[in-house]
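Only one structure is covered here, and it is reproduced in the block below.
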Amino acid sequence: MRTAALKSFVFIFFFGLLTSCSNDDATERFPLEQPSNIDAEDYDVYSVIIKSYNFSTIIIKQKAIFSNSSNDFIDELSAGNPGFEPQMVTTLFYNNQIPLFFDNSFDVSPTNVELISEPELNYIFGFDGDSNNDWIQFYNTHPNTNGYSSFSAVAYNSDKTKALVETGYFGAPLLGFGNLVYLEKVNGLWVIKKNVGTWIS
């Protein structure tokens with residue numbers, strides 16, 4: 001009986017901590033990693049994708065994510081895109097072998113960008129094994145947001161006129177999906193040419 005009561009107390013205590021945690025508290029408790037040296041061109045690519053989301057605030061996982069499944073989608077990426085270069089998929093794989101951490105250098109005004117650390121996500125989503133409760137904690141900590149997004153490192157063709165990125169969106173227990181985003185540079189500006197879905201939950 002005492003053990004059950006103690007477990008209930010511990011759960012309620014930590015639940016209270018989580019629900020009372022503000023975004024500023026999370027920033028202090030889960031500091032971001034030292035950003036990687038990422039080229040400004042990469043941030044231009046990411047920024048075009050972020051603007052396409054039409055969010056007033058977007059939370060981005062600071063550590064890049066890559067699913068390693070890109071080879072399965074070469075035909076879909078090539079369809080309707082005669083300029084697509086399949087070797088970019090191999091480049092995407094190799095560019096994502098080294099951990100990559102973003103800085104908040106996205107040019108997406110008036111959209112507000114917030115970076116979230118991997119330790120904070122692990123803490124929120126690894127607390128009690130209940131994904132519904134986990135998402136409640138996420139939105140209590142980050143109110144007025146739409147979940148969080150992720151990006152892989154960018155792959156380019158040889159003259160950097162074409163780019164390929166894997167993206168992810170996570171919004172609820174059964175609301176998540178991944179895309180390969182193919183872009184081309186047109187008149188000096190990056191333009192999204194195709195989105196290919198890679199996974200869904």
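Naming works like this for the structure tokens: A, B, ... for the chains as they're shown, residue 1 at the start of each chain, ligands 1 onward in shown order.
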**Request:** Taking the DSSP assignment computed from this structure's backbone, write out as a list in words all residues of stretch 79-144 of chain A that belong to helix (DSSP H, G or I).
**Result:** Gln87, Met88, Val89, Thr90, Thr91, Leu92, Phe93, Tyr94, Asn95, Glu118, Pro119, Glu120, Leu121, Asn122, Tyr123, Ile124, Phe125, Ser131, Asn132, Asn133, Asp134, Trp135, Ile136, Gln137, Phe138, Tyr139, Asn140 and Thr141 of chain A
**Request:** For stretch 87-104 of chain A, work out the shell of residues within 9 Å, counting only C-alpha atoms and skipping chain neighbours fewer than 2 positions away, then give it as a ChimeraX atom specification.
**Result:** /A:32-38,60-66,68-71,73-74,84-85,106-107,113-115,152-157,162-166
**Asked** Of the residues A:Asn195, A:Ser201, A:Thr141, A:Asn146, which is the one nearest to A:Ser78, using only C-alpha atoms?
**Response** A:Asn195
**Prompt:** Out of A:Pro143, A:Tyr123, A:Gly83, A:Lys51, which residue has the shortest atom-to-atom distance to A:Glu184 when counting only C-alpha atoms?
**Reply:** A:Gly83
**Nearby residues (only C-alpha atoms) at most 12 Å from A:Ile49, same-chain spacing under 5 positions excluded, as a ChimeraX atom specification** = /A:42-44,54-55,58,106-108,149-151,154,163-168,179-183,190-195
With N, CA, C and O atoms retained, write the just-selected residues as a short mmCIF file (atom, residue, chain, number, x, y, z; two decimals), in the first residue's frame.
```
data_model
loop_
_atom_site.label_atom_id
_atom_site.label_comp_id
_atom_site.auth_asym_id
_atom_site.auth_seq_id
_atom_site.Cartn_x
_atom_site.Cartn_y
_atom_site.Cartn_z
N ASP A 42 22.60 26.58 -47.00
CA ASP A 42 21.73 25.58 -46.38
C ASP A 42 20.56 26.25 -45.67
O ASP A 42 19.41 25.81 -45.79
N TYR A 43 20.85 27.33 -44.94
CA TYR A 43 19.78 28.03 -44.25
C TYR A 43 18.79 28.66 -45.24
O TYR A 43 17.61 28.77 -44.96
N ASP A 44 19.27 29.05 -46.41
CA ASP A 44 18.36 29.56 -47.45
C ASP A 44 17.39 28.46 -47.88
O ASP A 44 16.19 28.70 -48.05
N ASN A 54 3.60 27.99 -43.43
CA ASN A 54 2.63 29.01 -43.01
C ASN A 54 2.29 28.94 -41.53
O ASN A 54 1.13 29.09 -41.14
N PHE A 55 3.28 28.67 -40.69
CA PHE A 55 3.10 28.71 -39.24
C PHE A 55 3.54 30.07 -38.71
O PHE A 55 4.51 30.64 -39.20
N ILE A 58 7.23 28.17 -35.31
CA ILE A 58 7.63 26.81 -35.63
C ILE A 58 8.75 26.38 -34.70
O ILE A 58 9.69 27.13 -34.45
N PHE A 106 17.66 31.00 -39.54
CA PHE A 106 16.65 30.88 -40.59
C PHE A 106 16.07 32.27 -40.90
O PHE A 106 15.73 33.02 -39.98
N ASP A 107 15.95 32.58 -42.16
CA ASP A 107 15.41 33.88 -42.59
C ASP A 107 13.95 33.67 -42.99
O ASP A 107 13.64 33.47 -44.17
N VAL A 108 13.07 33.72 -41.99
CA VAL A 108 11.66 33.37 -42.24
C VAL A 108 10.69 34.39 -41.65
O VAL A 108 9.52 34.08 -41.44
N SER A 149 9.10 20.31 -35.91
CA SER A 149 9.56 19.85 -37.21
C SER A 149 11.03 19.48 -37.14
O SER A 149 11.74 19.86 -36.20
N SER A 150 11.47 18.74 -38.13
CA SER A 150 12.88 18.34 -38.20
C SER A 150 13.38 18.47 -39.63
O SER A 150 12.60 18.45 -40.59
N PHE A 151 14.70 18.60 -39.74
CA PHE A 151 15.35 18.65 -41.05
C PHE A 151 16.60 17.78 -41.03
O PHE A 151 17.25 17.63 -40.00
N VAL A 154 21.51 19.06 -45.85
CA VAL A 154 21.13 19.29 -47.25
C VAL A 154 22.10 18.57 -48.18
O VAL A 154 23.31 18.53 -47.92
N ALA A 163 18.78 20.90 -54.77
CA ALA A 163 18.97 20.53 -53.37
C ALA A 163 17.93 19.49 -52.97
O ALA A 163 16.81 19.44 -53.50
N LEU A 164 18.30 18.66 -51.99
CA LEU A 164 17.43 17.61 -51.48
C LEU A 164 17.55 17.59 -49.96
O LEU A 164 18.65 17.59 -49.42
N VAL A 165 16.39 17.60 -49.29
CA VAL A 165 16.34 17.62 -47.83
C VAL A 165 15.25 16.66 -47.37
O VAL A 165 14.19 16.58 -48.01
N GLU A 166 15.50 15.97 -46.28
CA GLU A 166 14.43 15.19 -45.65
C GLU A 166 13.86 16.01 -44.49
O GLU A 166 14.61 16.56 -43.68
N THR A 167 12.54 16.10 -44.43
CA THR A 167 11.88 16.83 -43.37
C THR A 167 10.96 15.91 -42.58
O THR A 167 10.55 14.85 -43.07
N GLY A 168 10.63 16.32 -41.38
CA GLY A 168 9.68 15.58 -40.57
C GLY A 168 8.77 16.53 -39.81
O GLY A 168 9.16 17.66 -39.51
N ASN A 179 8.94 13.78 -45.31
CA ASN A 179 8.99 14.10 -46.74
C ASN A 179 10.42 14.26 -47.20
O ASN A 179 11.28 14.70 -46.44
N LEU A 180 10.65 13.91 -48.45
CA LEU A 180 11.84 14.35 -49.15
C LEU A 180 11.44 15.56 -49.97
O LEU A 180 10.47 15.50 -50.74
N VAL A 181 12.15 16.65 -49.78
CA VAL A 181 11.82 17.90 -50.48
C VAL A 181 12.94 18.17 -51.50
O VAL A 181 14.11 18.30 -51.13
N TYR A 182 12.52 18.25 -52.75
CA TYR A 182 13.46 18.54 -53.83
C TYR A 182 13.26 19.98 -54.29
O TYR A 182 12.15 20.42 -54.55
N LEU A 183 14.37 20.74 -54.35
CA LEU A 183 14.32 22.15 -54.73
C LEU A 183 15.30 22.41 -55.87
O LEU A 183 16.31 21.72 -56.01
N TRP A 190 15.72 29.70 -54.37
CA TRP A 190 15.33 28.30 -54.23
C TRP A 190 13.81 28.16 -54.35
O TRP A 190 13.05 28.92 -53.75
N VAL A 191 13.39 27.17 -55.13
CA VAL A 191 11.98 26.90 -55.37
C VAL A 191 11.72 25.41 -55.12
O VAL A 191 12.46 24.54 -55.62
N ILE A 192 10.69 25.11 -54.35
CA ILE A 192 10.33 23.70 -54.10
C ILE A 192 9.69 23.14 -55.36
O ILE A 192 8.71 23.67 -55.88
N LYS A 193 10.27 22.03 -55.84
CA LYS A 193 9.76 21.39 -57.05
C LYS A 193 8.92 20.15 -56.74
O LYS A 193 8.00 19.81 -57.49
N LYS A 194 9.24 19.46 -55.64
CA LYS A 194 8.49 18.25 -55.35
C LYS A 194 8.64 17.85 -53.89
O LYS A 194 9.72 18.02 -53.31
N ASN A 195 7.54 17.32 -53.34
CA ASN A 195 7.55 16.69 -52.01
C ASN A 195 7.17 15.22 -52.19
O ASN A 195 6.15 14.92 -52.82
#
```
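For the choices A:Ile59, A:Asp159, A:Gly188, A:Ile200, the atom-to-atom distance to A:Leu174 is smallest for A:Ile200 when using only C-alpha atoms.
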